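The next block holds one structure in the form of structure tokens; read it before the comments.
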Amino acid sequence: GAGVSQSPSNKVTEKGKDVELRCDPISGHTALYWYRQSLGQGLEFLIYFQGNSAPDKSGLPSDRFSAERTGGSVSTLTIQRTQQEDSAVYLCASSLAPRGADTQYFGPGTRLTVL
Amino acid sequence: DAKTTQPNSMESNEEEPVHLPCNHSTISGTDYIHWYRQLPSQGPEYVIHGLTSNVNNRMASLAIAEDRKSSTLILHRATLRDAAVYYCILRDGYGGATNKLIFGTGTLLAVQP
């Protein structure tokens, strides 16, 4: 079946512009996660959605970052007034059930470059 | 969250077994041990997970110490495609408020032909 998809695969933007990154999770997966990986850095958690519960936004680095998940499926991560330090690969993952034994399936990522 | 310690890098020869160690001395009784790997220019992919008993799947085996303070990911015959960063991650079995994966620096595995 189809895995997690993300679009665009690459995005180049100018400093100060807003960007939107999209994630299509695996159908039926109730949990959705956003992570990012900066050059030479590890993967860091950004935000987590589970069903109709309030999202866990504890990993968002600033108020310029926001995300929504419409209809329990597609998610959009928005970065306002982008800065050069926002350049990174943004990864989305989904899982069937949010328990300690579940498997997270990752998309290929969106590579964001802020000039 | 309990932390894990892994060697920064390891090398293996193609078609030989590889043992990737992970220390997690502060593991709690409800923590699952997960392994993910990240191939170059790709998102992470799940490899295997376990709680107390050793586990086998088509990709690898997971050997868990009796006291659960360490574990070893075993690739039985390394191939060039196994060259990746391998992450050992602990996850609370009760789930809690979130199930985010906390990635450390992982082990960069190089496979020589």
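How things are named: the first chain in the structure tokens is A, the next is B, and so on; residues count from 1 in each chain; ligands count from 1 in the order shown.
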Original post:
Could you list, as a ChimeraX atom specification, every residue of chain B that has an atom within 10 Å of an atom of chain A, counting only C-alpha atoms?
Top reply: /B:30-34,36,41-51,90-106
Subject >> For range 69-80 of chain A: contacts at 6 Å, only C-alpha atoms, fewer than 5 positions along chain excluded, given as a list of chain:residue names >> reply: A:Asp18, A:Val19, A:Glu20, A:Leu21, A:Arg22, A:Cys23, A:Asp24, A:Arg64
Could you save those same residues with all heavy atoms as a short mmCIF file (atom, residue, chain, number, x, y, z; two decimals), in the first residue's frame?
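Heads up, here's the output in part-v2.cif:
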```cif
data_model
loop_
_atom_site.label_atom_id
_atom_site.label_comp_id
_atom_site.auth_asym_id
_atom_site.auth_seq_id
_atom_site.Cartn_x
_atom_site.Cartn_y
_atom_site.Cartn_z
N ASP A 18 6.74 33.03 3.94
CA ASP A 18 6.06 31.92 4.61
C ASP A 18 6.10 30.68 3.72
O ASP A 18 6.06 30.79 2.49
CB ASP A 18 4.59 32.28 4.88
CG ASP A 18 4.43 33.47 5.80
OD1 ASP A 18 5.43 33.94 6.37
OD2 ASP A 18 3.28 33.94 5.95
N VAL A 19 6.16 29.51 4.34
CA VAL A 19 6.13 28.26 3.58
C VAL A 19 5.13 27.29 4.21
O VAL A 19 4.90 27.34 5.42
CB VAL A 19 7.51 27.58 3.48
CG1 VAL A 19 8.48 28.43 2.69
CG2 VAL A 19 8.04 27.22 4.85
N GLU A 20 4.57 26.44 3.37
CA GLU A 20 3.68 25.38 3.84
C GLU A 20 4.20 24.04 3.35
O GLU A 20 4.48 23.87 2.16
CB GLU A 20 2.25 25.60 3.32
CG GLU A 20 1.50 26.71 4.00
CD GLU A 20 0.04 26.74 3.61
OE1 GLU A 20 -0.35 26.01 2.66
OE2 GLU A 20 -0.72 27.50 4.23
N LEU A 21 4.30 23.09 4.25
CA LEU A 21 4.75 21.75 3.93
C LEU A 21 3.60 20.79 4.21
O LEU A 21 2.94 20.90 5.23
CB LEU A 21 5.98 21.38 4.77
CG LEU A 21 7.11 22.42 4.84
CD1 LEU A 21 8.23 21.92 5.73
CD2 LEU A 21 7.62 22.75 3.46
N ARG A 22 3.42 19.84 3.30
CA ARG A 22 2.25 18.96 3.40
C ARG A 22 2.67 17.52 3.68
O ARG A 22 3.70 17.05 3.19
CB ARG A 22 1.48 19.01 2.09
CG ARG A 22 0.26 18.08 2.01
CD ARG A 22 -0.35 18.08 0.64
NE ARG A 22 -1.32 17.02 0.48
CZ ARG A 22 -2.63 17.21 0.44
NH1 ARG A 22 -3.14 18.44 0.54
NH2 ARG A 22 -3.45 16.18 0.28
N CYS A 23 1.82 16.84 4.46
CA CYS A 23 2.05 15.44 4.77
C CYS A 23 0.75 14.66 4.59
O CYS A 23 -0.29 15.03 5.15
CB CYS A 23 2.55 15.28 6.20
SG CYS A 23 2.63 13.54 6.76
N ASP A 24 0.82 13.58 3.82
CA ASP A 24 -0.30 12.65 3.67
C ASP A 24 0.07 11.36 4.39
O ASP A 24 0.91 10.60 3.91
CB ASP A 24 -0.57 12.35 2.20
CG ASP A 24 -1.32 13.45 1.51
OD1 ASP A 24 -0.66 14.37 1.02
OD2 ASP A 24 -2.56 13.39 1.49
N ARG A 64 6.67 31.01 15.21
CA ARG A 64 6.57 31.12 13.75
C ARG A 64 6.14 29.78 13.14
O ARG A 64 5.74 29.74 11.98
CB ARG A 64 7.92 31.55 13.15
CG ARG A 64 8.38 32.93 13.56
CD ARG A 64 9.65 33.34 12.82
NE ARG A 64 10.80 32.49 13.15
CZ ARG A 64 11.28 31.55 12.37
NH1 ARG A 64 10.73 31.31 11.19
NH2 ARG A 64 12.34 30.83 12.75
#
```
**OP:** Identify all residues of chain A in strand (DSSP E) (DSSP on the backbone) and supply them as a VMD selection string.
**Re:** chain A and resid 5 to 7 10 to 13 19 to 24 31 to 37 43 to 50 65 to 69 75 to 79 88 to 95 105 to 106 110 to 114
**OP:** Name all residues at most 10 Å from Asn8 in chain B (count only C-alpha atoms; drop same-chain ones fewer than 4 positions away) and give them as JSON, numbers by chain.
**Re:** {"B": [85, 86, 105, 106, 107, 108, 109]}
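CA of Leu75 in chain B is found 5.0 Å from CA of Ala60 in chain B.
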Subject >> Interatomic distance (Å, one decimal) between CA of Thr26 in chain B and CA of Thr72 in chain B >> reply: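 Value for the CA of Thr26 in chain B-CA of Thr72 in chain B distance: 16.2 Å.
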Subject >> Given only C-alpha atoms as the counted atoms, nearest of B:Ser9, B:Gln38, B:Ser61, B:Ser28 to Arg77 in chain B >> reply: B:Ser61
